[in-house]
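To start, the structure itself, in structure tokens.
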Amino acid sequence: MLELTTLEPDASATQKTALSARAEDDSQQRKDKHLTREEIRKQIREVGVIPSIRLESAETAVFAAENVAAGGIPIVEIAATIPGSDQVIRDLTRRFPKLIVGAEVVAGLDEARRQLDAGAMFLTGPAFDPGVTGYCVEEKIVVIPGALTPTEVLFAHRAGADFVKVFPCSFVGGDRYIRALQAPLPQVPLIAAGGVTQGTAASFISAGAAAIGVGEDLIPRQAVRIKDGPWIRELAARFLNFVRQARAAME
């Protein structure tokens, strides 16, 4: 770690060089440890649940991610609104190398690159950003942009999105809306997100969603506040079971 008090008059240039070297090192480590795009897509499909971690601090985000993983879900999405979200991603990828850590991106390509350099293995967003999606396709990084209307879903898919996150689907018809989208667009793998609950999780899978994105119903703020890891682990197991049962009923 740099000690600012020992730097000579050219400290600014030296510090920038050190930080640049660290960023390059993080980027190289990401490439060395990165699962392939196909492997990450396969994991998302098989697991069927992407926990969305949107909390007030880095500490609580790490706590939530650790317990979701302990409950059997090896995937998390770190929200862009978490203070120091890139550091959360860096900490998680170093502490839990088998965890597939994704990052929500809302501020464009610079933010996307920063999260990827921190170790993010896939990127998501609440809306379709052509620049971020195009960059990910070019770099062979899994990208899951958000969309709502059929036009937006089709644009995101044609741009090369691995999955399209229908957000916020619970407020525009829920599982019936997913089913309606899948009828004319069966080639588009959809992730239902925004208001998914224990009571609706299975119905989204039955309607044709490739996976579900789940927030507070999987990671209750009360559980985080009182540090109740077993509560989160139990909910993780439940959501996995909802997905398994819904898929089994479709066979």
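The way I read the labels, and the way they are meant: chains A, B, ... in the order of the structure tokens, residue 1 as the first residue of every chain, and ligand 1 as the first ligand shown, with later ones counted on from there.
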Leaving out region 102-106 of chain A and any residue of its chain fewer than 3 positions from it, which residues lie within 8 Å of it when counting only C-alpha atoms, given as a count of residues only?
17
Picked from region 6-251 of chain A by DSSP as strand (DSSP E or B), as a compact mmCIF listing (two decimals) with C-alpha atoms, in the first residue's frame:
```txt
# COMPACT_ATOMS: atom_id res chain seq x y z
CA VAL A 49 -31.10 -17.78 -10.00
CA ILE A 50 -29.09 -14.56 -10.01
CA PRO A 51 -29.12 -12.91 -6.56
CA SER A 52 -29.12 -9.13 -6.90
CA ILE A 53 -27.25 -7.56 -4.00
CA ILE A 75 -23.59 -16.47 -8.64
CA VAL A 76 -24.15 -12.89 -7.45
CA GLU A 77 -24.81 -9.53 -9.07
CA ILE A 78 -23.31 -6.51 -7.29
CA ILE A 100 -19.24 -16.02 -10.28
CA VAL A 101 -19.44 -12.31 -9.54
CA GLY A 102 -21.30 -9.97 -11.86
CA ALA A 103 -21.65 -6.21 -11.82
CA GLU A 104 -24.53 -3.90 -12.59
CA PHE A 122 -20.40 -10.72 -16.29
CA LEU A 123 -22.18 -7.39 -16.63
CA THR A 124 -25.83 -6.50 -16.24
CA VAL A 142 -21.20 -12.30 -20.72
CA VAL A 143 -23.58 -9.36 -20.86
CA ILE A 144 -27.18 -9.18 -19.63
CA GLY A 146 -32.17 -4.81 -19.30
CA ALA A 147 -35.20 -4.34 -21.52
CA VAL A 164 -31.97 -10.20 -21.79
CA LYS A 165 -33.17 -9.11 -18.36
CA VAL A 166 -36.85 -8.19 -18.47
CA LEU A 190 -34.99 -14.06 -20.86
CA ILE A 191 -34.20 -13.40 -17.22
CA ALA A 192 -37.20 -12.25 -15.20
CA ALA A 193 -36.23 -9.56 -12.70
CA ALA A 211 -33.47 -17.69 -15.01
CA ILE A 212 -34.75 -15.27 -12.40
CA GLY A 213 -33.10 -12.26 -10.79
CA VAL A 214 -34.03 -11.95 -7.12
```
Could you state the separation of CA of Ala64 (chain A) and CA of Asp162 (chain A) in Å, given to one decimal place?
25.7 Å
From A:Arg221, A:Arg244, A:Arg233, A:Arg113, residue lying nearest Thr60 (chain A) [only C-alpha atoms]
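So, comparing all the options, the nearest one is A:Arg221.
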Please extract the residues of region 65-224 of chain A with a backbone DSSP assignment of alpha helix (DSSP H) and present them as a PyMOL selection string.
chain A and resi 65-70+85-95+109-118+130-139+150-158+175-182+201-206+221-224
How would the residues just picked look written out with C-alpha atoms as a short mmCIF file (atom, residue, chain, number, x, y, z; two decimals), in the first residue's frame?
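Result written to selection19.cif:
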```cif
data_model
loop_
_atom_site.label_atom_id
_atom_site.label_comp_id
_atom_site.auth_asym_id
_atom_site.auth_seq_id
_atom_site.Cartn_x
_atom_site.Cartn_y
_atom_site.Cartn_z
CA ALA A 65 -22.82 -12.67 -1.07
CA GLU A 66 -21.00 -15.05 1.27
CA ASN A 67 -24.25 -16.46 2.64
CA VAL A 68 -25.98 -16.71 -0.72
CA ALA A 69 -23.03 -18.78 -1.93
CA ALA A 70 -23.11 -20.91 1.24
CA SER A 85 -18.88 -1.61 -5.62
CA ASP A 86 -15.67 -2.27 -7.54
CA GLN A 87 -13.83 -2.97 -4.28
CA VAL A 88 -16.64 -5.33 -3.22
CA ILE A 89 -16.13 -7.23 -6.46
CA ARG A 90 -12.37 -7.30 -5.96
CA ASP A 91 -12.76 -8.63 -2.41
CA LEU A 92 -15.29 -11.30 -3.39
CA THR A 93 -13.29 -12.64 -6.33
CA ARG A 94 -10.17 -12.93 -4.18
CA ARG A 95 -11.88 -14.48 -1.15
CA LEU A 109 -18.26 2.05 -20.69
CA ASP A 110 -15.83 3.56 -18.19
CA GLU A 111 -17.77 2.02 -15.32
CA ALA A 112 -17.96 -1.29 -17.18
CA ARG A 113 -14.19 -1.41 -17.63
CA ARG A 114 -13.60 -0.50 -13.99
CA GLN A 115 -15.85 -3.32 -12.78
CA LEU A 116 -14.25 -5.81 -15.15
CA ASP A 117 -10.78 -4.80 -14.00
CA ALA A 118 -11.95 -5.40 -10.42
CA PRO A 130 -25.38 -0.43 -26.91
CA GLY A 131 -21.83 0.68 -26.08
CA VAL A 132 -21.45 -1.62 -23.08
CA THR A 133 -23.14 -4.52 -24.87
CA GLY A 134 -20.97 -4.12 -27.95
CA TYR A 135 -17.80 -3.95 -25.88
CA CYS A 136 -18.71 -7.14 -24.00
CA VAL A 137 -19.50 -9.00 -27.21
CA GLU A 138 -16.17 -7.94 -28.68
CA GLU A 139 -14.29 -8.98 -25.53
CA PRO A 150 -40.58 -6.35 -27.30
CA THR A 151 -38.63 -3.79 -29.34
CA GLU A 152 -36.05 -3.32 -26.59
CA VAL A 153 -35.74 -7.07 -26.03
CA LEU A 154 -35.15 -7.68 -29.75
CA PHE A 155 -32.61 -4.85 -30.05
CA ALA A 156 -30.62 -6.21 -27.08
CA HIS A 157 -30.70 -9.74 -28.47
CA ARG A 158 -29.60 -8.64 -31.94
CA ASP A 175 -45.13 -14.37 -15.56
CA ARG A 176 -47.90 -13.67 -18.10
CA TYR A 177 -45.70 -10.98 -19.64
CA ILE A 178 -42.73 -13.36 -19.88
CA ARG A 179 -44.98 -15.93 -21.56
CA ALA A 180 -46.26 -13.27 -23.97
CA LEU A 181 -42.71 -12.25 -24.91
CA GLN A 182 -41.54 -15.83 -25.36
CA ALA A 201 -40.40 -17.61 -8.76
CA ALA A 202 -41.64 -20.94 -10.10
CA SER A 203 -44.26 -19.31 -12.33
CA PHE A 204 -41.60 -17.25 -14.11
CA ILE A 205 -39.62 -20.38 -14.91
CA SER A 206 -42.78 -22.16 -16.06
CA ARG A 221 -32.66 -6.27 4.82
CA GLN A 222 -33.67 -7.48 8.28
CA ALA A 223 -31.53 -10.60 7.86
CA VAL A 224 -28.59 -8.45 6.84
#
```
Mind giving me the straight-line distance from CA of Val188 (chain A) to CA of Val243 (chain A) in Å, one decimal?
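Pair CA of Val188 (chain A) / CA of Val243 (chain A) returns 18.9 Å.
Among the candidates A:Phe96, A:Phe163, A:Trp231, A:Phe239, the one nearest to Val47 (chain A) when counting only C-alpha atoms is A:Phe239.
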Report the distance between CA of Phe171 (chain A) and CA of Leu218 (chain A) in Å, rounded to one decimal place.
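These atoms are spaced 18.5 Å apart.
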Please provide the set of residues having any atom within 7 Å of Arg37 (chain A), restricted to only C-alpha atoms, with same-chain residues fewer than 4 positions apart removed, written as a short mmCIF file (atom, residue, chain, number, x, y, z; two decimals) with N, CA and C atoms, in the first residue's frame.
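Dumped to part.cif:
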```
data_model
loop_
_atom_site.label_atom_id
_atom_site.label_comp_id
_atom_site.auth_asym_id
_atom_site.auth_seq_id
_atom_site.Cartn_x
_atom_site.Cartn_y
_atom_site.Cartn_z
N ARG A 41 -22.30 -18.70 -19.12
CA ARG A 41 -23.69 -18.82 -19.60
C ARG A 41 -24.31 -20.14 -19.14
N LYS A 140 -15.78 -10.91 -25.53
CA LYS A 140 -16.26 -12.23 -25.13
C LYS A 140 -16.57 -12.30 -23.63
N ILE A 141 -17.29 -11.29 -23.16
CA ILE A 141 -17.73 -11.19 -21.77
C ILE A 141 -19.24 -11.33 -21.74
N VAL A 142 -19.76 -12.13 -20.83
CA VAL A 142 -21.20 -12.30 -20.72
C VAL A 142 -21.86 -10.98 -20.35
#
```
